[in-house]
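Next up, my_file-v8.cif (mmCIF, C-alpha atoms):
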data_upload
loop_
_atom_site.group_PDB
_atom_site.id
_atom_site.type_symbol
_atom_site.label_atom_id
_atom_site.label_comp_id
_atom_site.auth_asym_id
_atom_site.auth_seq_id
_atom_site.Cartn_x
_atom_site.Cartn_y
_atom_site.Cartn_z
ATOM 1 C CA MET M 35 3.981 -97.604 -106.079
ATOM 2 C CA LYS M 36 2.621 -95.591 -109.006
ATOM 3 C CA PHE M 37 4.318 -92.491 -110.407
ATOM 4 C CA PHE M 38 3.055 -89.959 -112.953
ATOM 5 C CA LEU M 39 5.646 -88.038 -114.990
ATOM 6 C CA ASP M 40 4.950 -84.394 -115.736
ATOM 7 C CA GLU M 41 5.924 -83.118 -119.200
ATOM 8 C CA ASN M 42 9.047 -81.489 -117.794
ATOM 9 C CA PHE M 43 10.351 -84.673 -116.151
ATOM 10 C CA PRO M 44 12.981 -86.779 -117.979
ATOM 11 C CA LYS M 45 11.591 -89.727 -119.937
ATOM 12 C CA ALA M 46 14.494 -91.777 -118.531
ATOM 13 C CA ALA M 47 12.652 -91.813 -115.198
ATOM 14 C CA HIS M 48 10.270 -94.377 -116.659
ATOM 15 C CA ALA M 49 13.036 -97.006 -116.946
ATOM 16 C CA LEU M 50 14.469 -96.220 -113.499
ATOM 17 C CA LEU M 51 11.060 -96.508 -111.855
ATOM 18 C CA SER M 52 10.048 -99.621 -113.802
ATOM 19 C CA ASP M 53 13.350 -101.326 -112.979
ATOM 20 C CA SER M 54 12.629 -100.575 -109.310
ATOM 21 C CA GLY M 55 9.236 -102.294 -109.572
ATOM 22 C CA HIS M 56 7.072 -99.199 -109.852
ATOM 23 C CA GLU M 57 4.281 -98.452 -112.298
ATOM 24 C CA THR M 58 4.641 -95.252 -114.322
ATOM 25 C CA PHE M 59 2.353 -93.007 -116.310
ATOM 26 C CA ASP M 60 3.486 -90.221 -118.627
ATOM 27 C CA VAL M 61 1.408 -87.286 -119.831
ATOM 28 C CA ARG M 62 3.454 -87.068 -123.053
ATOM 29 C CA GLY M 63 1.707 -88.626 -126.004
ATOM 30 C CA THR M 64 -1.730 -88.351 -124.383
ATOM 31 C CA PRO M 65 -4.554 -85.871 -125.041
ATOM 32 C CA LEU M 66 -3.540 -84.123 -121.788
ATOM 33 C CA GLU M 67 -0.134 -83.126 -123.136
ATOM 34 C CA GLY M 68 0.055 -79.327 -122.984
ATOM 35 C CA CYS M 69 -3.006 -79.004 -120.736
ATOM 36 C CA PRO M 70 -3.045 -76.762 -117.657
ATOM 37 C CA ASP M 71 -1.277 -78.065 -114.551
ATOM 38 C CA HIS M 72 -4.484 -78.663 -112.603
ATOM 39 C CA GLU M 73 -5.811 -81.007 -115.320
ATOM 40 C CA ILE M 74 -2.583 -83.008 -115.466
ATOM 41 C CA PHE M 75 -2.451 -83.230 -111.667
ATOM 42 C CA ALA M 76 -6.086 -84.389 -111.611
ATOM 43 C CA GLU M 77 -5.197 -87.217 -114.003
ATOM 44 C CA ALA M 78 -2.339 -88.316 -111.754
ATOM 45 C CA GLN M 79 -4.778 -88.401 -108.843
ATOM 46 C CA SER M 80 -7.352 -90.367 -110.826
ATOM 47 C CA VAL M 81 -4.828 -93.195 -111.256
ATOM 48 C CA GLY M 82 -3.532 -92.882 -107.682
ATOM 49 C CA ALA M 83 -0.012 -91.889 -108.710
ATOM 50 C CA VAL M 84 2.652 -89.747 -107.060
ATOM 51 C CA PHE M 85 3.189 -86.723 -109.309
ATOM 52 C CA LEU M 86 6.829 -86.144 -110.381
ATOM 53 C CA THR M 87 7.695 -82.672 -111.652
ATOM 54 C CA THR M 88 10.331 -79.971 -111.761
ATOM 55 C CA ASP M 89 7.667 -77.250 -111.502
ATOM 56 C CA ARG M 90 8.300 -75.558 -108.132
ATOM 57 C CA ASP M 91 4.749 -74.172 -107.999
ATOM 58 C CA PHE M 92 3.429 -77.607 -107.056
ATOM 59 C CA PHE M 93 5.409 -77.582 -103.807
ATOM 60 C CA HIS M 94 3.779 -74.357 -102.713
ATOM 61 C CA THR M 95 0.239 -74.860 -103.987
ATOM 62 C CA ILE M 96 -0.715 -78.529 -103.545
ATOM 63 C CA PRO M 97 -0.640 -78.527 -99.714
ATOM 64 C CA HIS M 98 -3.056 -75.576 -99.733
ATOM 65 C CA LEU M 99 -5.372 -76.798 -102.485
ATOM 66 C CA TYR M 100 -5.648 -80.522 -101.710
ATOM 67 C CA ALA M 101 -5.996 -82.068 -98.265
ATOM 68 C CA VAL M 102 -5.963 -85.528 -99.827
ATOM 69 C CA HIS M 103 -3.730 -86.541 -102.759
ATOM 70 C CA SER M 104 -1.406 -89.336 -103.834
ATOM 71 C CA GLY M 105 1.754 -87.316 -103.275
ATOM 72 C CA VAL M 106 4.032 -84.938 -105.139
ATOM 73 C CA VAL M 107 7.797 -84.904 -105.627
ATOM 74 C CA VAL M 108 9.261 -81.674 -106.978
ATOM 75 C CA ILE M 109 12.886 -81.743 -108.046
ATOM 76 C CA ALA M 110 13.935 -78.097 -107.839
ATOM 77 C CA LEU M 111 17.574 -77.651 -108.809
ATOM 78 C CA ARG M 112 19.451 -74.475 -109.702
ATOM 79 C CA GLN M 113 20.643 -75.961 -112.985
ATOM 80 C CA PRO M 114 18.400 -78.932 -113.666
ATOM 81 C CA GLY M 115 19.689 -81.345 -116.241
ATOM 82 C CA ARG M 116 18.561 -84.862 -117.015
ATOM 83 C CA ALA M 117 21.450 -86.465 -115.096
ATOM 84 C CA GLN M 118 20.962 -84.287 -112.019
ATOM 85 C CA ILE M 119 17.213 -84.908 -111.916
ATOM 86 C CA MET M 120 17.732 -88.658 -112.289
ATOM 87 C CA GLU M 121 20.338 -88.597 -109.500
ATOM 88 C CA LYS M 122 17.831 -86.959 -107.128
ATOM 89 C CA LEU M 123 15.103 -89.423 -108.092
ATOM 90 C CA SER M 124 17.499 -92.338 -107.462
ATOM 91 C CA TRP M 125 18.395 -90.910 -104.061
ATOM 92 C CA LEU M 126 14.724 -90.593 -103.169
ATOM 93 C CA LEU M 127 14.007 -94.203 -104.148
ATOM 94 C CA GLN M 128 17.003 -95.501 -102.190
ATOM 95 C CA ASN M 129 16.632 -93.401 -99.063
ATOM 96 C CA LEU M 130 12.890 -93.060 -98.582
ATOM 97 C CA PRO M 131 11.558 -96.405 -99.859
ATOM 98 C CA GLN M 132 9.275 -97.089 -96.903
ATOM 99 C CA VAL M 133 7.909 -93.560 -96.562
ATOM 100 C CA SER M 134 4.339 -93.052 -97.627
ATOM 101 C CA LEU M 135 4.130 -90.180 -100.053
ATOM 102 C CA GLU M 136 0.359 -90.039 -99.774
ATOM 103 C CA ASN M 137 -0.785 -86.521 -98.794
ATOM 104 C CA ARG M 138 2.858 -85.398 -98.738
ATOM 105 C CA VAL M 139 4.763 -82.957 -100.948
ATOM 106 C CA ILE M 140 8.545 -83.351 -101.138
ATOM 107 C CA GLN M 141 10.915 -80.854 -102.686
ATOM 108 C CA MET M 142 14.371 -82.139 -103.602
ATOM 109 C CA ARG M 143 16.946 -79.323 -103.746
ATOM 110 C CA ASP M 144 20.603 -79.225 -104.723
ATOM 111 C CA LYS M 145 21.898 -80.148 -101.257
ATOM 112 C CA SER M 146 18.792 -80.750 -99.174
ATOM 113 C CA TRP M 147 15.151 -81.744 -99.245
ATOM 114 C CA ILE M 148 12.002 -80.768 -97.392
ATOM 115 C CA ALA M 149 8.642 -82.454 -96.898
ATOM 116 C CA ILE M 150 5.200 -81.075 -96.104
ATOM 117 C CA PRO M 151 4.074 -82.442 -93.730
ATOM 118 C CA PRO M 152 7.494 -83.247 -92.265
ATOM 119 C CA LEU M 153 8.609 -86.859 -92.080
#
Written as structure tokens, that's how I'd like the structure from this file.
Amino acid sequence: MKFFLDENFPKAAHALLSDSGHETFDVRGTPLEGCPDHEIFAEAQSVGAVFLTTDRDFFHTIPHLYAVHSGVVVIALRQPGRAQIMEKLSWLLQNLPQVSLENRVIQMRDKSWIAIPPL
């Protein structure tokens, strides 16, 4: 699977995803760094990658703006730190490995998660 890291997502996710056999893209260090969200999301879609972010707005807007997309995972924690975000990403990879994220938006919360459309 392909994943695209938003600017606010820990760089450490690259190693975790690569070690799990996934391809990763990162907006940092590219001409898109600092661009508006819709441009960064469009780039993720152009490479067919699931968009990883901590920006809660994506959970609420993507299902309404895009009928077709490669998927979005929003990690929305009360006190997000690198370790906590990585823990949620690890849980997702271990517990939902066979789930298609295509056209689905998942929000990982402190003690729960939700998907649109539901799994």
Between M:Phe75, M:Thr95, M:Asp40, M:Ala47, which is the closest to Glu121 in chain M once you count all atoms listed in the file?
M:Ala47
With only C-alpha atoms as the basis for distance, which of M:Asp144, M:Glu73, M:Glu41, M:Asp91 is at the shortest distance from Phe59 in chain M?
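Going through M:Asp144, M:Glu73, M:Glu41, M:Asp91 one by one, the smallest distance to Phe59 in chain M is for M:Glu41.
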Can you translate the PyMOL selection byres ((chain M and resi 96-111) around 7) into the concrete residues it hits in this file, as an MDAnalysis selection string?
chainID M and resid 79 82:90 92:95 112:114 119 135:144
Once the PyMOL selection byres ((chain M and resi 61) around 8) is applied to the coordinates I shared, what remains selected? I want it as number ranges by chain.
M: 38-41, 59-60, 62-64, 66-67, 74
Counting only C-alpha atoms, the option among M:Val133, M:Ala149, M:Met120, M:Leu127 closest to Pro44 in chain M
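Going through M:Val133, M:Ala149, M:Met120, M:Leu127 one by one, the smallest distance to Pro44 in chain M is for M:Met120.
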To one decimal place, how far is CA of Thr58 in chain M from CA of Gln128 in chain M in Å?
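According to the coordinates, CA of Thr58 in chain M and CA of Gln128 in chain M are separated by 17.3 Å.
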Can you work out the spacing between CA of Gly55 in chain M and CA of Leu123 in chain M in Å, to one decimal?
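These two atoms are separated by 14.2 Å.
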Interatomic distance (Å, one decimal) between CA of His48 in chain M and CA of Ala76 in chain M:
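Separation of CA of His48 in chain M and CA of Ala76 in chain M: 19.8 Å.
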